[in-house]
>>> print(open('upload-v4.cif').read())   # mmCIF, C-alpha atoms
data_target
loop_
_atom_site.label_atom_id
_atom_site.label_comp_id
_atom_site.auth_asym_id
_atom_site.auth_seq_id
_atom_site.Cartn_x
_atom_site.Cartn_y
_atom_site.Cartn_z
CA MET A 643 -17.03 9.58 39.96
CA GLN A 644 -18.81 7.27 37.53
CA LEU A 645 -17.18 6.58 34.20
CA PRO A 646 -19.42 6.32 31.13
CA ILE A 647 -17.76 3.27 29.56
CA GLU A 648 -20.03 3.29 26.54
CA SER A 649 -18.88 6.77 25.53
CA ILE A 650 -15.18 6.44 26.24
CA GLY A 651 -14.56 2.86 25.14
CA TRP A 652 -12.11 0.19 26.23
CA LEU A 653 -9.01 2.34 26.17
CA GLY A 654 -10.72 5.05 28.16
CA PHE A 655 -11.68 2.50 30.77
CA LEU A 656 -8.10 1.25 31.05
CA LEU A 657 -6.84 4.81 31.31
CA PHE A 658 -9.35 5.41 34.07
CA ILE A 659 -8.03 2.45 36.07
CA HIS A 660 -4.46 3.56 35.46
CA GLU A 661 -5.13 7.08 36.67
CA LEU A 662 -6.98 5.90 39.78
CA LEU A 663 -3.99 3.84 40.80
CA ARG A 664 -1.44 6.50 39.94
CA ILE A 665 -3.10 9.70 41.13
CA LYS A 666 -4.58 10.18 44.59
CA SER A 667 -6.85 12.99 43.51
CA MET A 668 -7.83 14.32 40.11
CA THR A 669 -9.07 17.80 39.37
CA LYS A 670 -10.83 19.43 36.47
CA TYR A 671 -8.81 20.89 33.63
CA THR A 672 -9.62 24.36 34.81
CA GLU A 673 -8.67 23.54 38.39
CA SER A 674 -5.56 21.35 37.97
CA PRO A 675 -2.18 22.74 39.03
CA LYS A 676 0.65 23.24 36.60
CA PRO A 677 2.97 20.21 36.16
CA ALA A 678 5.83 19.82 38.62
CA LEU A 679 9.06 20.99 37.06
CA ALA A 680 10.88 18.00 38.54
CA MET A 681 9.09 15.68 36.12
CA ARG A 682 9.67 15.53 32.40
CA ARG A 683 7.35 18.14 30.97
CA THR A 684 6.01 16.13 28.03
CA THR A 685 5.16 13.13 30.20
CA VAL A 686 3.38 15.33 32.72
CA VAL A 687 1.34 17.03 30.01
CA VAL A 688 0.41 13.71 28.41
CA ASP A 689 -0.75 12.28 31.75
CA ALA A 690 -2.63 15.46 32.63
CA ILE A 691 -4.54 15.46 29.34
CA LYS A 692 -5.43 11.79 29.78
CA THR A 693 -6.79 12.59 33.22
CA TRP A 694 -8.76 15.50 31.85
CA ILE A 695 -10.29 13.39 29.05
CA VAL A 696 -11.44 10.72 31.49
CA GLU A 697 -12.71 12.98 34.25
CA ASN A 698 -14.63 15.18 31.85
CA SER A 699 -16.20 12.15 30.13
CA LEU A 700 -15.16 13.21 26.66
CA ALA A 701 -16.63 11.13 23.86
CA PRO A 702 -15.05 10.31 20.49
CA ASN A 703 -14.77 13.39 18.25
CA ASP A 704 -14.95 15.82 21.19
CA ARG A 705 -12.46 18.62 20.74
CA LEU A 706 -9.52 19.18 23.07
CA PRO A 707 -8.48 22.71 24.13
CA GLY A 708 -6.46 24.57 21.53
CA GLU A 709 -2.70 24.74 21.51
CA LYS A 710 -2.57 28.27 22.90
CA ALA A 711 -4.86 27.37 25.81
CA LEU A 712 -2.75 24.32 26.67
CA ILE A 713 0.46 26.33 26.56
CA GLU A 714 -0.95 28.95 28.89
CA HIS A 715 -2.45 26.44 31.29
CA TYR A 716 0.54 24.13 31.67
CA GLY A 717 3.16 26.84 31.36
CA VAL A 718 5.23 24.92 28.84
CA SER A 719 6.54 25.65 25.39
CA LYS A 720 4.82 25.13 22.09
CA GLY A 721 7.28 22.33 21.33
CA THR A 722 6.33 20.47 24.53
CA ILE A 723 2.62 20.68 23.76
CA ARG A 724 3.13 19.49 20.20
CA GLU A 725 5.28 16.59 21.39
CA ALA A 726 2.57 15.65 23.91
CA MET A 727 -0.03 15.68 21.14
CA ARG A 728 2.15 13.40 19.02
CA VAL A 729 2.48 10.98 21.92
CA LEU A 730 -1.27 10.94 22.54
CA GLU A 731 -1.95 10.38 18.86
CA ALA A 732 0.56 7.53 18.72
CA GLN A 733 -1.23 5.95 21.69
CA GLY A 734 -4.52 6.12 19.82
CA ILE A 735 -6.11 8.48 22.33
CA ILE A 736 -6.50 11.52 20.09
CA GLN A 737 -6.58 12.26 16.40
CA THR A 738 -5.46 15.41 14.66
CA LYS A 739 -7.55 16.96 11.91
CA THR A 740 -6.31 19.63 9.54
CA GLY A 741 -8.10 22.26 7.54
CA PRO A 742 -11.16 24.30 8.53
CA GLY A 743 -12.51 23.12 11.85
CA GLY A 744 -9.34 21.18 12.48
CA GLY A 745 -7.56 20.56 15.76
CA CYS A 746 -7.10 17.72 18.23
CA PHE A 747 -10.06 15.45 19.00
CA VAL A 748 -10.67 12.37 21.11
CA ALA A 749 -10.20 9.35 18.86
CA GLU A 750 -12.73 6.61 18.28
CA GLN A 751 -11.84 3.82 20.69
CA ASN A 752 -11.79 0.17 19.73
CA MET A 753 -10.09 -2.96 20.96
CA ASN A 754 -7.24 -2.96 18.46
CA VAL A 755 -4.87 -0.90 20.58
CA PRO A 756 -5.13 -2.94 23.81
CA LEU A 757 -5.25 -6.20 21.86
CA GLU A 758 -2.08 -5.30 19.99
CA ALA A 759 -0.43 -4.34 23.28
CA LEU A 760 -1.32 -7.74 24.72
CA GLY A 761 0.00 -9.40 21.59
CA HIS A 762 3.32 -7.60 22.05
CA TYR A 763 3.46 -8.66 25.69
CA PHE A 764 2.84 -12.31 24.93
CA TYR A 765 5.43 -12.22 22.17
CA PHE A 766 8.00 -12.07 24.98
CA HIS A 767 6.07 -14.25 27.45
CA PRO A 768 5.32 -17.61 25.81
CA LEU A 769 1.95 -19.23 26.37
CA THR A 770 0.75 -22.78 25.98
CA MET A 771 -2.65 -24.09 25.00
CA ALA A 772 -3.11 -25.19 28.59
CA ASP A 773 -2.72 -21.54 29.68
CA VAL A 774 -5.36 -20.39 27.21
CA TYR A 775 -7.97 -22.96 28.11
CA GLN A 776 -7.32 -22.78 31.83
CA LEU A 777 -8.49 -19.18 31.61
CA ARG A 778 -11.24 -19.85 29.11
CA LYS A 779 -12.76 -22.62 31.26
CA LEU A 780 -12.98 -20.16 34.14
CA LEU A 781 -14.27 -17.13 32.26
CA GLU A 782 -16.46 -18.37 29.41
CA PRO A 783 -19.28 -19.89 31.51
CA GLU A 784 -19.53 -16.75 33.62
CA LEU A 785 -19.44 -14.55 30.55
CA ALA A 786 -22.46 -16.26 29.02
CA ALA A 787 -24.33 -16.47 32.32
CA SER A 788 -23.95 -12.74 32.94
CA ALA A 789 -25.02 -11.89 29.38
CA ILE A 790 -28.21 -14.00 29.35
CA PRO A 791 -30.53 -11.34 30.89
CA TYR A 792 -29.53 -8.97 28.08
CA LEU A 793 -29.88 -11.34 25.12
CA ASP A 794 -32.90 -10.83 22.86
CA ALA A 795 -34.46 -12.62 19.90
CA GLU A 796 -32.23 -10.75 17.48
CA ASP A 797 -29.12 -12.05 19.24
CA ILE A 798 -30.41 -15.61 19.06
CA GLU A 799 -31.08 -15.23 15.34
CA GLN A 800 -27.58 -13.82 14.85
CA ALA A 801 -26.10 -16.88 16.56
CA LYS A 802 -28.23 -19.20 14.41
CA SER A 803 -27.07 -17.37 11.28
CA ILE A 804 -23.43 -17.89 12.28
CA MET A 805 -24.04 -21.59 12.87
CA ARG A 806 -25.33 -22.08 9.32
CA ASP A 807 -21.78 -21.56 8.06
CA TYR A 808 -20.62 -24.77 9.75
CA SER A 809 -23.82 -26.79 9.87
CA PHE A 810 -22.44 -29.27 7.29
CA PRO A 811 -19.27 -31.36 7.03
CA ALA A 812 -16.35 -29.62 5.35
CA GLN A 813 -15.20 -30.95 1.99
CA ASN A 814 -11.52 -30.16 2.46
CA ARG A 815 -9.02 -29.01 5.07
CA LYS A 816 -9.23 -25.34 4.06
CA GLU A 817 -13.00 -25.32 4.49
CA TRP A 818 -12.62 -27.20 7.78
CA PHE A 819 -10.27 -24.53 9.17
CA LYS A 820 -12.66 -21.80 8.02
CA GLN A 821 -15.58 -23.49 9.78
CA LEU A 822 -13.66 -23.87 13.03
CA VAL A 823 -12.70 -20.20 13.01
CA ARG A 824 -16.29 -19.21 12.25
CA SER A 825 -17.58 -21.32 15.13
CA ILE A 826 -15.74 -19.04 17.56
CA ASP A 827 -17.86 -16.13 16.31
CA PHE A 828 -20.81 -17.79 18.04
CA TYR A 829 -19.34 -16.91 21.44
CA ASP A 830 -18.82 -13.28 20.41
CA VAL A 831 -22.61 -12.86 20.28
CA TYR A 832 -22.90 -12.86 24.05
CA VAL A 833 -19.59 -11.05 24.54
CA GLU A 834 -21.40 -8.01 23.16
CA LYS A 835 -24.11 -8.27 25.82
CA CYS A 836 -21.96 -8.96 28.87
CA PRO A 837 -22.32 -6.06 31.37
CA ASN A 838 -18.93 -6.76 32.96
CA VAL A 839 -16.48 -4.84 30.79
CA LEU A 840 -13.37 -6.59 32.10
CA LEU A 841 -14.86 -10.05 31.67
CA SER A 842 -16.00 -9.32 28.13
CA PHE A 843 -12.65 -7.73 27.25
CA TYR A 844 -10.59 -10.72 28.29
CA CYS A 845 -12.96 -13.21 26.65
CA ARG A 846 -12.96 -11.20 23.45
CA TYR A 847 -9.18 -11.30 23.49
CA LEU A 848 -9.22 -15.07 23.96
CA HIS A 849 -11.63 -15.41 21.03
CA THR A 850 -9.50 -13.18 18.81
CA MET A 851 -6.38 -15.12 19.70
CA LEU A 852 -8.05 -18.48 19.04
CA LYS A 853 -9.32 -17.36 15.64
CA GLU A 854 -5.81 -16.37 14.61
CA LEU A 855 -4.29 -19.58 15.89
CA THR A 856 -6.78 -22.22 14.79
CA THR A 857 -5.13 -23.10 11.50
CA VAL A 858 -1.72 -23.21 13.16
CA GLN A 859 -2.89 -25.32 16.07
CA LEU A 860 -4.35 -28.05 13.93
CA GLN A 861 -1.83 -28.26 11.08
CA GLN A 862 -0.78 -31.75 12.09
CA SER A 863 -4.16 -33.05 13.23
CA ASP A 864 -6.26 -35.47 11.28
CA PHE A 865 -8.93 -33.96 9.06
CA ASP A 866 -12.15 -35.26 10.61
CA ASP A 867 -15.57 -33.90 11.42
CA HIS A 868 -15.65 -34.71 15.12
CA LEU A 869 -14.60 -31.29 16.43
CA ARG A 870 -17.06 -29.36 14.25
CA ARG A 871 -19.95 -31.71 15.00
CA LYS A 872 -19.27 -31.72 18.74
CA GLY A 873 -19.20 -27.93 18.87
CA PHE A 874 -22.27 -27.54 16.66
CA ASP A 875 -24.35 -29.91 18.79
CA ASN A 876 -23.27 -28.14 21.97
CA GLN A 877 -24.20 -24.76 20.52
CA LEU A 878 -27.65 -26.00 19.53
CA LEU A 879 -28.26 -26.88 23.18
CA LEU A 880 -26.80 -23.54 24.23
CA LEU A 881 -29.21 -21.66 21.98
CA GLU A 882 -32.15 -23.34 23.64
CA ALA A 883 -30.80 -22.63 27.13
CA MET A 884 -30.11 -19.00 26.29
CA ARG A 885 -33.51 -18.54 24.68
CA ALA A 886 -35.08 -19.95 27.86
CA LYS A 887 -32.90 -17.66 30.02
CA ASP A 888 -31.62 -20.79 31.78
CA VAL A 889 -28.44 -19.52 33.39
CA GLU A 890 -27.33 -22.72 35.13
CA THR A 891 -27.80 -24.93 32.08
CA THR A 892 -25.91 -22.41 29.96
CA ARG A 893 -23.07 -22.34 32.45
CA ARG A 894 -22.93 -26.15 32.60
CA LEU A 895 -23.00 -26.65 28.82
CA ILE A 896 -20.22 -24.17 28.21
CA SER A 897 -18.09 -25.52 31.03
CA THR A 898 -18.40 -29.06 29.67
CA HIS A 899 -17.54 -27.97 26.13
CA MET A 900 -14.54 -25.90 27.25
CA THR A 901 -13.18 -28.97 29.02
CA PHE A 902 -13.63 -31.01 25.84
CA LEU A 903 -11.89 -28.34 23.74
CA HIS A 904 -9.03 -28.15 26.23
CA GLN A 905 -8.42 -31.89 25.98
CA TYR A 906 -8.79 -31.91 22.19
CA MET A 907 -6.41 -29.02 21.61
CA GLU A 908 -3.76 -30.35 23.96
CA LYS A 909 -3.86 -33.62 22.05
CA HIS A 910 -3.85 -32.19 18.53
CA ALA A 911 -2.06 -28.82 18.75
CA ALA A 912 1.48 -30.11 18.78
CA THR A 913 2.91 -27.10 16.92
CA LEU A 914 1.42 -24.39 19.15
CA ASP A 915 4.42 -23.76 21.40
CA ASN A 916 6.70 -23.17 18.39
CA GLN A 917 4.40 -20.96 16.36
CA PHE A 918 2.16 -19.14 18.83
CA LEU A 919 4.20 -15.99 19.24
CA GLN A 920 4.82 -15.42 15.55
CA VAL A 921 1.07 -15.46 14.91
CA ALA A 922 0.20 -13.32 17.94
CA LYS A 923 2.61 -10.48 17.34
#
>>> encode(input="upload-v4.cif", output="structure tokens")
Amino acid sequence: MQLPIESIGWLGFLLFIHELLRIKSMTKYTESPKPALAMRRTTVVVDAIKTWIVENSLAPNDRLPGEKALIEHYGVSKGTIREAMRVLEAQGIIQTKTGPGGGCFVAEQNMNVPLEALGHYFYFHPLTMADVYQLRKLLEPELAASAIPYLDAEDIEQAKSIMRDYSFPAQNRKEWFKQLVRSIDFYDVYVEKCPNVLLSFYCRYLHTMLKELTTVQLQQSDFDDHLRRKGFDNQLLLLEAMRAKDVETTRRLISTHMTFLHQYMEKHAATLDNQFLQVAK
């Protein structure tokens, strides 16, 4: 079975992986057996509906079967079905609409739910800047390299437009922080074009995390223009390499800059270990 990632979204993709690992075989809604009585009924119904959504390639705003149909199919009570719907809605998988034409529908999927889940996880599993950049040095060059065949002139112009916001020295610390955060948006341009959904997901998470943490990381660092200028100059070279579809040069430039950022942040981000989790949660 092929999963249409673009129609289901990130959460649908993760659900797909989960179900593949958990269930040996999946059947259509109309063919699936009733839940085993040995398992908690609500949990079984929730899992079964997730499987049905994924296997039937439902897109956002597609309607789920009505309450009566679900009751008859799964052989459970109205209360169990309603509890299952509440669970699915809390998980961000469905949304309930009232009034004429109302019912339960597949929710629009975005990255907020999985990103928040990761934030909760890392609240209890402390990270260091070394952890972040160890992963970023590995993933970021491959992310850009894989996206290059799909970048067009509009993407290049978007990147250039972002760079204009930090093309000049900041006049104060607040503006400096804002420029550094904005400079991370540059890398999101090719995140959008990466065909590897797992690679782009993890890099997007790293970018989101870094944007949230930048002002915290550098609270005790000296206010200078070196970091902005170094990143801006590197991105100018990157634009040329990406425009020329030069994969190896792109990979090399990003790898070199990630190494520089790693060293810079480890030197200047003295407060990260104490404040990371409060910001990430």
>>> closest_residue(input="upload-v4.cif", among="A:Ala787, A:Ala772, A:Cys845, A:Ala886", to="Tyr906 in chain A", atoms="only C-alpha atoms")
A:Ala772
>>> residues_around(input="upload-v4.cif", residues="Ile798 in chain A", least_positions_apart="5", cutoff="12 Å", atoms="all atoms listed in the file", output="ChimeraX atom specification")
/A:790,792-793,803-805,828-832,835,877-878,880-887
>>> resolve_selection(input="upload-v4.cif", expression="the PyMOL selection byres ((chain A and resi 781) around 12)", output="PyMOL selection string")
chain A and resi 774-780+782-788+829+833+836+838+840-849+893+896-897+900
>>> atom_distance(input="upload-v4.cif", atom1="CA of Gln733 in chain A", atom2="CA of Val748 in chain A")
11.4 Å
>>> closest_residue(input="upload-v4.cif", among="A:Leu757, A:Leu879, A:Leu822, A:Ala749", to="Asp866 in chain A", atoms="all atoms listed in the file")
A:Leu822
>>> closest_residue(input="upload-v4.cif", among="A:Ile691, A:Phe865, A:Arg682, A:Gln800", to="Glu817 in chain A", atoms="only C-alpha atoms")
A:Phe865
>>> resolve_selection(input="upload-v4.cif", expression="the PyMOL selection byres ((chain A and resi 869) around 10)", output="list in words")
Trp818, Leu822, Phe865, Asp866, Asp867, His868, Arg870, Arg871, Lys872, Gly873, Phe874, Phe902, Leu903, Tyr906 and Met907 of chain A
>>> atom_distance(input="upload-v4.cif", atom1="CA of Ile826 in chain A", atom2="CA of Ala789 in chain A")
16.6 Å
>>> atom_distance(input="upload-v4.cif", atom1="CA of His904 in chain A", atom2="CA of Asp807 in chain A")
23.2 Å
>>> closest_residue(input="upload-v4.cif", among="A:Ala795, A:Phe747, A:Val688, A:Thr740", to="Asn703 in chain A", atoms="only C-alpha atoms")
A:Phe747
>>> residues_near_point(input="upload-v4.cif", point="(-0.2, 28.0, 23.6)", cutoff="12 Å", atoms="all atoms listed in the file", output="ChimeraX atom specification")
/A:707-724
>>> write_last_selection(input="upload-v4.cif", atoms="C-alpha atoms", output="PDB file, in the frame of the given file")
ATOM      1  CA  PRO A 707      -8.480  22.710  24.130  1.00  0.00           C
ATOM      2  CA  GLY A 708      -6.460  24.570  21.530  1.00  0.00           C
ATOM      3  CA  GLU A 709      -2.700  24.740  21.510  1.00  0.00           C
ATOM      4  CA  LYS A 710      -2.570  28.270  22.900  1.00  0.00           C
ATOM      5  CA  ALA A 711      -4.860  27.370  25.810  1.00  0.00           C
ATOM      6  CA  LEU A 712      -2.750  24.320  26.670  1.00  0.00           C
ATOM      7  CA  ILE A 713       0.460  26.330  26.560  1.00  0.00           C
ATOM      8  CA  GLU A 714      -0.950  28.950  28.890  1.00  0.00           C
ATOM      9  CA  HIS A 715      -2.450  26.440  31.290  1.00  0.00           C
ATOM     10  CA  TYR A 716       0.540  24.130  31.670  1.00  0.00           C
ATOM     11  CA  GLY A 717       3.160  26.840  31.360  1.00  0.00           C
ATOM     12  CA  VAL A 718       5.230  24.920  28.840  1.00  0.00           C
ATOM     13  CA  SER A 719       6.540  25.650  25.390  1.00  0.00           C
ATOM     14  CA  LYS A 720       4.820  25.130  22.090  1.00  0.00           C
ATOM     15  CA  GLY A 721       7.280  22.330  21.330  1.00  0.00           C
ATOM     16  CA  THR A 722       6.330  20.470  24.530  1.00  0.00           C
ATOM     17  CA  ILE A 723       2.620  20.680  23.760  1.00  0.00           C
ATOM     18  CA  ARG A 724       3.130  19.490  20.200  1.00  0.00           C
TER      19      ARG A 724
END
>>> decode(input="upload-v4.cif", residues="range 704-724 of chain A", atoms="N, CA and C atoms", output="compact mmCIF listing (two decimals), in the first residue's frame")
# COMPACT_ATOMS: atom_id res chain seq x y z
N ASP A 704 -12.55 15.10 5.16
CA ASP A 704 -13.35 13.94 4.79
C ASP A 704 -14.16 13.47 6.00
N ARG A 705 -15.37 13.07 5.74
CA ARG A 705 -16.26 12.68 6.82
C ARG A 705 -16.03 11.23 7.26
N LEU A 706 -16.11 11.00 8.56
CA LEU A 706 -16.06 9.65 9.09
C LEU A 706 -17.47 9.06 9.09
N PRO A 707 -17.60 7.73 9.19
CA PRO A 707 -18.93 7.13 9.30
C PRO A 707 -19.69 7.71 10.49
N GLY A 708 -21.00 7.72 10.40
CA GLY A 708 -21.82 8.26 11.47
C GLY A 708 -21.78 7.39 12.72
N GLU A 709 -22.28 7.95 13.78
CA GLU A 709 -22.26 7.27 15.08
C GLU A 709 -22.99 5.93 15.03
N LYS A 710 -24.14 5.91 14.40
CA LYS A 710 -24.93 4.68 14.33
C LYS A 710 -24.18 3.59 13.58
N ALA A 711 -23.53 3.96 12.47
CA ALA A 711 -22.78 2.98 11.68
C ALA A 711 -21.61 2.42 12.48
N LEU A 712 -20.94 3.28 13.24
CA LEU A 712 -19.80 2.82 14.05
C LEU A 712 -20.26 1.89 15.17
N ILE A 713 -21.38 2.22 15.78
CA ILE A 713 -21.92 1.36 16.84
C ILE A 713 -22.23 -0.03 16.31
N GLU A 714 -22.90 -0.05 15.16
CA GLU A 714 -23.28 -1.34 14.58
C GLU A 714 -22.05 -2.13 14.13
N HIS A 715 -21.07 -1.47 13.56
CA HIS A 715 -19.91 -2.17 13.05
C HIS A 715 -19.06 -2.76 14.16
N TYR A 716 -18.78 -1.95 15.17
CA TYR A 716 -17.87 -2.40 16.24
C TYR A 716 -18.60 -3.13 17.37
N GLY A 717 -19.91 -3.07 17.37
CA GLY A 717 -20.66 -3.79 18.38
C GLY A 717 -20.43 -3.26 19.78
N VAL A 718 -20.28 -1.95 19.90
CA VAL A 718 -20.06 -1.34 21.21
C VAL A 718 -21.17 -0.34 21.48
N SER A 719 -21.14 0.22 22.67
CA SER A 719 -22.20 1.14 23.06
C SER A 719 -21.97 2.54 22.49
N LYS A 720 -23.02 3.32 22.57
CA LYS A 720 -22.92 4.72 22.15
C LYS A 720 -21.88 5.46 22.97
N GLY A 721 -21.82 5.16 24.27
CA GLY A 721 -20.84 5.81 25.14
C GLY A 721 -19.40 5.51 24.72
N THR A 722 -19.14 4.26 24.32
CA THR A 722 -17.79 3.88 23.89
C THR A 722 -17.40 4.62 22.62
N ILE A 723 -18.32 4.71 21.66
CA ILE A 723 -18.03 5.42 20.42
C ILE A 723 -17.78 6.90 20.70
N ARG A 724 -18.58 7.50 21.53
CA ARG A 724 -18.40 8.92 21.83
C ARG A 724 -17.09 9.17 22.57
